[in-house]
Every structure is written in C-alpha cells, then in structure tokens.
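Take a look at the structure below.
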Amino acid sequence: MNERVFLPHKKKKLTSFQIIILGFLGVILLGTVFLMLPVSTRAGTATPFADALFTSTSAVCVTGLVLHDTATYWSFFGQVVILFLIQIGGLGVITVAASFAMISGRKISLMQRSTMQEAIAAPKVGGIVRLTNFMIRTTLAIELLGTIIMAPVFCQDFGVKGLWVALFHSVSAFCNAGFDLLGTSSQPFVSLSRYIANPLINLVIMLLIIIGGIGFLTWDDICSHKWHIRRYRVQSKVILWTSALLIIIPAVFFFVVDFTGSSTGTRLLASTFQSVTTRTAGFNTADLTAMTPTSKSVMIMLMLIGGSPGSTAGGMKTTTFAVLILNMVATFRQKEDIEIFGRRLDSHAIKNAATIVALYIIFFFIGGIAISSIEHLPLLDCLFETASAVGTVGLTLGITPTLGIPSQLILILLMFFGRVGGLTLIYAAISVKQNGVKLPLEKITVG
C-alpha cells in the first residue's frame, strides 16, 4: 500500500521591502481608528472613515494635505495622535520599532538590521544600530531646540498654549510634515501666513526643514568630520551641493517674479521660505493662489524632486535629480561614466534614477488628469495637488478640502507611494530570481 509522505510546508519569510510596506500600512490604519473616535474632534463627533484615513495617511507619510483645519477640527487628543503619527512617519516605522527594541534590551537580528538598512537608505548593514541611535538622539535634540527657540513668539500670541504650538510646529517642520495649528474658525488653512514678516519663525522653520530634509547619513558625516568636507561620503557632498542650488536658484526666481508688493525684507523672507518649503515641507507664508502660473510650475518641479535619501522628506530625492543631470553632462562630454568628486558612479544608480523619475512623472500626471476629469477643475491646479501628494509636500491651492472621495483616494495612494518609495513598492510586490543568462546584445536608436 502506497503511503503519501507530507513534507512540512516551508513558511515564506517576508522581505525587507514587504515589512516596510506593512509597517506603514499598519500605523496608518491604527491612526485612522484613533482619529475616528469622538474624543479626537472638538465637536465630540465621530470622524468618517474616509476623512480619518486621509488625515492619518497624510500624517504618517509626512505630507500635510488635510481635509479639515487641524487647529479647529481636531481636539487636543486628536492633535496629539497626529503629532505621534508625524513623528513615526518622519523617522520611519522600522526605525521607531527598532529603537523600542533597543531600549528594551532586545538583540537586533541580522534580518532586522537588513530591514533597518533598507528603511533608512544606509549604504551597508554594519553600524546600523549606531546610526539608528544617532538618528533618535539627533531628532529629539533638534526638535526640542526648535521648540525652545519658537516658544517665546508663540507664547506671546497664544499664552501657555504657545508651548504646545511651538512643539507641534517644531516636530512638524523637522519631519517635513507641514501640519499647523494656526487656523481659526473664521480663517482656516492659513498655515504660517501671519508670520510672513517674522524673521525668527521663518528662519527656525526653514532650518528645521533643511536639517530634516538633507538626511541622517549626511548629518552623520557632518558630526563625524566637521569642516573636513573632503572626508564626507560622495553622497553627502552631492546632497549638500544639490540642496543648496535647489534652494538658492528658486529663491532668486521667486524674489524677481513674485511678492513685488512687499518690502525688500519681507520679499526676501517669503521668496526663500517658499523655495525651502517646496522641498516636501508643506508650510507656506504666502498666498500660493496669488503666485504666477510660472512660479506654480517651478514649485511643482521642486515638489517632485523633494528631499534627500535617509531623511524625513519624500519626493524622488535630490540624489536622483543630481544623477540624471550628471548623466546628461557625461553624455554631452561623450564620457562613458559619470564622474563626480574624483569618483565614478555605479551604472545601477543611473538605471534606478531613470526608473524613479519615470514612475513619479507617470503617477503625477495620471493622478492630476484623473482628478481634473472627476472634479472638473483646471489641470494646473490638479497637477499642483498631485505633485504635492506624491512628493509628500502638503502645499495646496485650496482644492484638497473640496475633493470627493474618489479624488481623495487618488491622493492617498500618491502620498503612500511618495513616502515608501516607488522601488520599495515594486520590490515588495515582485520577487524576481536572476537566472544568470544574458540575451544577445542589440542596439536601438534613441533621441
């Protein structure tokens, strides 16, 4: 008699990319549940699932697009929930989970270290625990310092409540989230417009955005090597140069084109702030609807580029933009390799950069066209909102609160895509084994 032998089914392990995706989804859903509670709103009523999901996604993906004014709609409890979601989203779900494991004294396994490496875009697994410790300490120290500096201004305007306002805006700015507590029942969604001429608030918020947006690996280089820039990683050098150019050039452009009715000082602050905030921060001190169509188009480009790898910011990243520009230069000079700071870049970096840009542009355009068709709104305004969502920026021309549920869902998907990264989503969904076989080479004409 034949006997069947049943071999034990080998349990398939989740990849690092799948763990990252599920981690973000889990936190978003948990935040949605908390925000749906009546205690989360000032009116004491339950928030609809779609509205709570949108707000939770925006907070975890550190975007800042909202359907309800944060200050007037959400209670103190709801605002605390949003702040926790921003902090978790800014640092990364995996980083926060790993920090709790380290605090409890648990040993971090090799698989967990590999996941942490992917989550913060570290170049290698070695030293990942030290880097995570550095991230947590740096984040808390900078956010506390930002709170202390801004507290006198906000306490003067809001009394004791100003301490909470200062803390909320410090965390929101460092995490590049763009949520604010400055709206009123008569003037909702005002962001930082009342502080357009306040140098302290402008400078502190801009510094927090830049510090959070250049990445922890860059700050690790800065803290380790101080002013010895030659010792920095090539990536850190590229990030610093690219970030500086993407702040200075647009600021000069905005100064020339917009804010002509303001004084020189206010005009300079407003131009610089709008240049910095498009790098995935989401605050605004000026009326964006009053800016010229040309300026809005420039802001769309800046929002798509976003911040830097391993930072609290989103977007397709400064390094992606830099690699494509450097590849253009190499092509013009008829060079086979990209050369920068005495090094040549890996060809995989070029392929990944081209893929990421293509993904962002495709989703950005499809989302904008879809919303424009559904809502019967001008295409430029809709493209501005989709660029803000996929770049996890949070700037808006005022149409997001008026959108229907289908359009809200499009923005939710774009925010999630922009935060976890296009390649992370693809690698999580598709697992391809290399067979080592190469097909015959063929040339194709391009351009």
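Residue numbering restarts at 1 for every chain of the structure tokens, chains are lettered A, B, ... in their displayed order, and ligands are numbered from 1 as they appear.
Excluding range 266-280 of chain A and any residue on its chain fewer than 3 positions from it, the residues at most 7 Å away by only C-alpha atoms are A:Asn176, A:Ile196, A:Ala197, A:Asn202, A:Met206, A:Ile247, A:Pro250, A:Ala251, A:Phe254, A:Phe255, A:Phe259, A:Ser262, A:Ser263, A:Phe283, A:Asn284, A:Thr285, A:Ala286, A:Met299, A:Leu302, A:Met303, A:Gly306, A:Gly307, A:Ala313, A:Gly314, A:Gly315, A:Gly391, A:Thr392, A:Val393.
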Atoms kept (C-alpha atoms) for selection, written as a PDB file, in the first residue's frame:
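Generated output (result-v3.pdb):
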```pdb
ATOM      1  CA  ASN A 176       8.811  67.904   6.802  1.00  0.00           C
ATOM      2  CA  ILE A 196       5.392  86.070   6.796  1.00  0.00           C
ATOM      3  CA  ALA A 197       7.462  89.015   8.103  1.00  0.00           C
ATOM      4  CA  ASN A 202      10.830  81.960   9.217  1.00  0.00           C
ATOM      5  CA  MET A 206      13.417  76.806   7.365  1.00  0.00           C
ATOM      6  CA  ILE A 247      17.154  76.484  -2.535  1.00  0.00           C
ATOM      7  CA  PRO A 250      14.303  79.154  -6.979  1.00  0.00           C
ATOM      8  CA  ALA A 251      14.514  81.740  -4.162  1.00  0.00           C
ATOM      9  CA  PHE A 254      10.537  83.910  -6.700  1.00  0.00           C
ATOM     10  CA  PHE A 255      12.117  87.167  -5.491  1.00  0.00           C
ATOM     11  CA  PHE A 259       5.862  89.328  -3.871  1.00  0.00           C
ATOM     12  CA  SER A 262       6.058  93.666  -0.178  1.00  0.00           C
ATOM     13  CA  SER A 263       9.064  95.345   1.408  1.00  0.00           C
ATOM     14  CA  PHE A 283       4.170  75.146   5.203  1.00  0.00           C
ATOM     15  CA  ASN A 284       3.537  78.411   3.414  1.00  0.00           C
ATOM     16  CA  THR A 285       3.837  82.040   4.489  1.00  0.00           C
ATOM     17  CA  ALA A 286       2.383  83.491   1.280  1.00  0.00           C
ATOM     18  CA  MET A 299       7.077  74.737  -7.385  1.00  0.00           C
ATOM     19  CA  LEU A 302      10.663  71.307  -6.804  1.00  0.00           C
ATOM     20  CA  MET A 303       7.951  69.285  -5.045  1.00  0.00           C
ATOM     21  CA  GLY A 306      11.752  66.532  -2.810  1.00  0.00           C
ATOM     22  CA  GLY A 307      14.361  65.915  -0.116  1.00  0.00           C
ATOM     23  CA  ALA A 313      11.450  64.130   3.455  1.00  0.00           C
ATOM     24  CA  GLY A 314       9.789  62.478   0.478  1.00  0.00           C
ATOM     25  CA  GLY A 315       9.892  63.018  -3.270  1.00  0.00           C
ATOM     26  CA  GLY A 391       6.263  64.464  -3.256  1.00  0.00           C
ATOM     27  CA  THR A 392       4.781  64.277   0.292  1.00  0.00           C
ATOM     28  CA  VAL A 393       4.887  68.077   0.457  1.00  0.00           C
TER      29      VAL A 393
END
```
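Restricting the calculation to only C-alpha atoms, the smallest distance between Leu182 in chain A and any of A:Glu143, A:Gly265, A:Val129, A:Asp69 is found for A:Asp69.
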Requested in this report: Run DSSP on the backbone and grab whatever in range 269-390 of chain A lands in alpha helix (DSSP H); send it over as a VMD selection string.
Outcome: chain A and resid 269 to 277 293 to 305 318 to 332 347 to 375 379 to 390
Pull C-alpha atoms from the residues just selected and write them as a PDB file, in the first residue's frame.
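Contents of selection-v6.pdb, as written:
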```pdb
ATOM      1  CA  LEU A 269      11.936  86.003   3.585  1.00  0.00           C
ATOM      2  CA  ALA A 270       8.875  84.979   1.555  1.00  0.00           C
ATOM      3  CA  SER A 271      10.925  84.026  -1.525  1.00  0.00           C
ATOM      4  CA  THR A 272      13.401  81.940   0.468  1.00  0.00           C
ATOM      5  CA  PHE A 273      10.695  80.306   2.564  1.00  0.00           C
ATOM      6  CA  GLN A 274       8.633  79.267  -0.466  1.00  0.00           C
ATOM      7  CA  SER A 275      11.789  77.824  -2.051  1.00  0.00           C
ATOM      8  CA  VAL A 276      12.663  75.800   1.058  1.00  0.00           C
ATOM      9  CA  THR A 277       9.144  74.600   1.868  1.00  0.00           C
ATOM     10  CA  PRO A 293       1.456  80.261 -13.117  1.00  0.00           C
ATOM     11  CA  THR A 294       5.185  80.170 -13.906  1.00  0.00           C
ATOM     12  CA  SER A 295       6.044  80.115 -10.199  1.00  0.00           C
ATOM     13  CA  LYS A 296       3.477  77.376  -9.579  1.00  0.00           C
ATOM     14  CA  SER A 297       5.103  75.305 -12.331  1.00  0.00           C
ATOM     15  CA  VAL A 298       8.532  75.789 -10.743  1.00  0.00           C
ATOM     16  CA  MET A 299       7.077  74.737  -7.385  1.00  0.00           C
ATOM     17  CA  ILE A 300       5.642  71.586  -8.982  1.00  0.00           C
ATOM     18  CA  MET A 301       9.114  70.647 -10.233  1.00  0.00           C
ATOM     19  CA  LEU A 302      10.663  71.307  -6.804  1.00  0.00           C
ATOM     20  CA  MET A 303       7.951  69.285  -5.045  1.00  0.00           C
ATOM     21  CA  LEU A 304       8.590  66.302  -7.297  1.00  0.00           C
ATOM     22  CA  ILE A 305      12.338  66.422  -6.565  1.00  0.00           C
ATOM     23  CA  THR A 318      17.913  65.212  -4.655  1.00  0.00           C
ATOM     24  CA  THR A 319      20.393  62.453  -5.493  1.00  0.00           C
ATOM     25  CA  THR A 320      18.062  61.094  -8.185  1.00  0.00           C
ATOM     26  CA  PHE A 321      17.858  64.544  -9.759  1.00  0.00           C
ATOM     27  CA  ALA A 322      21.628  65.043  -9.458  1.00  0.00           C
ATOM     28  CA  VAL A 323      22.437  61.674 -11.046  1.00  0.00           C
ATOM     29  CA  LEU A 324      20.261  62.459 -14.080  1.00  0.00           C
ATOM     30  CA  ILE A 325      21.829  65.902 -14.507  1.00  0.00           C
ATOM     31  CA  LEU A 326      25.336  64.427 -14.152  1.00  0.00           C
ATOM     32  CA  ASN A 327      24.424  61.724 -16.681  1.00  0.00           C
ATOM     33  CA  MET A 328      23.371  64.450 -19.121  1.00  0.00           C
ATOM     34  CA  VAL A 329      26.710  66.213 -18.605  1.00  0.00           C
ATOM     35  CA  ALA A 330      28.606  62.946 -19.147  1.00  0.00           C
ATOM     36  CA  THR A 331      26.618  62.298 -22.338  1.00  0.00           C
ATOM     37  CA  PHE A 332      27.312  65.793 -23.661  1.00  0.00           C
ATOM     38  CA  SER A 347      25.649  52.305 -13.640  1.00  0.00           C
ATOM     39  CA  HIS A 348      22.865  50.874 -11.452  1.00  0.00           C
ATOM     40  CA  ALA A 349      22.416  54.344  -9.901  1.00  0.00           C
ATOM     41  CA  ILE A 350      21.623  55.764 -13.357  1.00  0.00           C
ATOM     42  CA  LYS A 351      19.137  52.978 -14.118  1.00  0.00           C
ATOM     43  CA  ASN A 352      17.409  53.377 -10.743  1.00  0.00           C
ATOM     44  CA  ALA A 353      17.284  57.170 -11.106  1.00  0.00           C
ATOM     45  CA  ALA A 354      15.666  56.944 -14.548  1.00  0.00           C
ATOM     46  CA  THR A 355      13.133  54.406 -13.259  1.00  0.00           C
ATOM     47  CA  ILE A 356      12.215  56.512 -10.233  1.00  0.00           C
ATOM     48  CA  VAL A 357      11.742  59.687 -12.296  1.00  0.00           C
ATOM     49  CA  ALA A 358       9.591  57.830 -14.823  1.00  0.00           C
ATOM     50  CA  LEU A 359       7.407  56.385 -12.045  1.00  0.00           C
ATOM     51  CA  TYR A 360       6.908  59.750 -10.353  1.00  0.00           C
ATOM     52  CA  ILE A 361       6.081  61.568 -13.588  1.00  0.00           C
ATOM     53  CA  ILE A 362       3.637  58.858 -14.691  1.00  0.00           C
ATOM     54  CA  PHE A 363       1.751  58.759 -11.373  1.00  0.00           C
ATOM     55  CA  PHE A 364       1.860  62.552 -11.031  1.00  0.00           C
ATOM     56  CA  PHE A 365       0.338  63.117 -14.494  1.00  0.00           C
ATOM     57  CA  ILE A 366      -2.205  60.284 -14.321  1.00  0.00           C
ATOM     58  CA  GLY A 367      -3.359  61.441 -10.877  1.00  0.00           C
ATOM     59  CA  GLY A 368      -3.668  65.068 -11.965  1.00  0.00           C
ATOM     60  CA  ILE A 369      -5.572  64.217 -15.137  1.00  0.00           C
ATOM     61  CA  ALA A 370      -7.896  61.869 -13.231  1.00  0.00           C
ATOM     62  CA  ILE A 371      -8.731  64.455 -10.545  1.00  0.00           C
ATOM     63  CA  SER A 372      -9.210  67.177 -13.171  1.00  0.00           C
ATOM     64  CA  SER A 373     -11.629  64.937 -15.082  1.00  0.00           C
ATOM     65  CA  ILE A 374     -13.542  63.824 -11.973  1.00  0.00           C
ATOM     66  CA  GLU A 375     -13.804  67.226 -10.297  1.00  0.00           C
ATOM     67  CA  LEU A 379      -5.439  70.834 -14.850  1.00  0.00           C
ATOM     68  CA  LEU A 380      -2.605  73.004 -13.447  1.00  0.00           C
ATOM     69  CA  ASP A 381      -4.312  73.184 -10.029  1.00  0.00           C
ATOM     70  CA  CYS A 382      -4.848  69.422 -10.004  1.00  0.00           C
ATOM     71  CA  LEU A 383      -1.248  68.746 -11.049  1.00  0.00           C
ATOM     72  CA  PHE A 384      -0.117  71.012  -8.200  1.00  0.00           C
ATOM     73  CA  GLU A 385      -2.087  68.877  -5.710  1.00  0.00           C
ATOM     74  CA  THR A 386      -0.830  65.557  -7.122  1.00  0.00           C
ATOM     75  CA  ALA A 387       2.777  66.812  -7.130  1.00  0.00           C
ATOM     76  CA  SER A 388       2.264  67.856  -3.519  1.00  0.00           C
ATOM     77  CA  ALA A 389       0.883  64.414  -2.663  1.00  0.00           C
ATOM     78  CA  VAL A 390       3.433  62.229  -4.488  1.00  0.00           C
TER      79      VAL A 390
END
```
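For the pair CA of Ala281 in chain A and CA of Thr63 in chain A, the interatomic distance is 7.4 Å.
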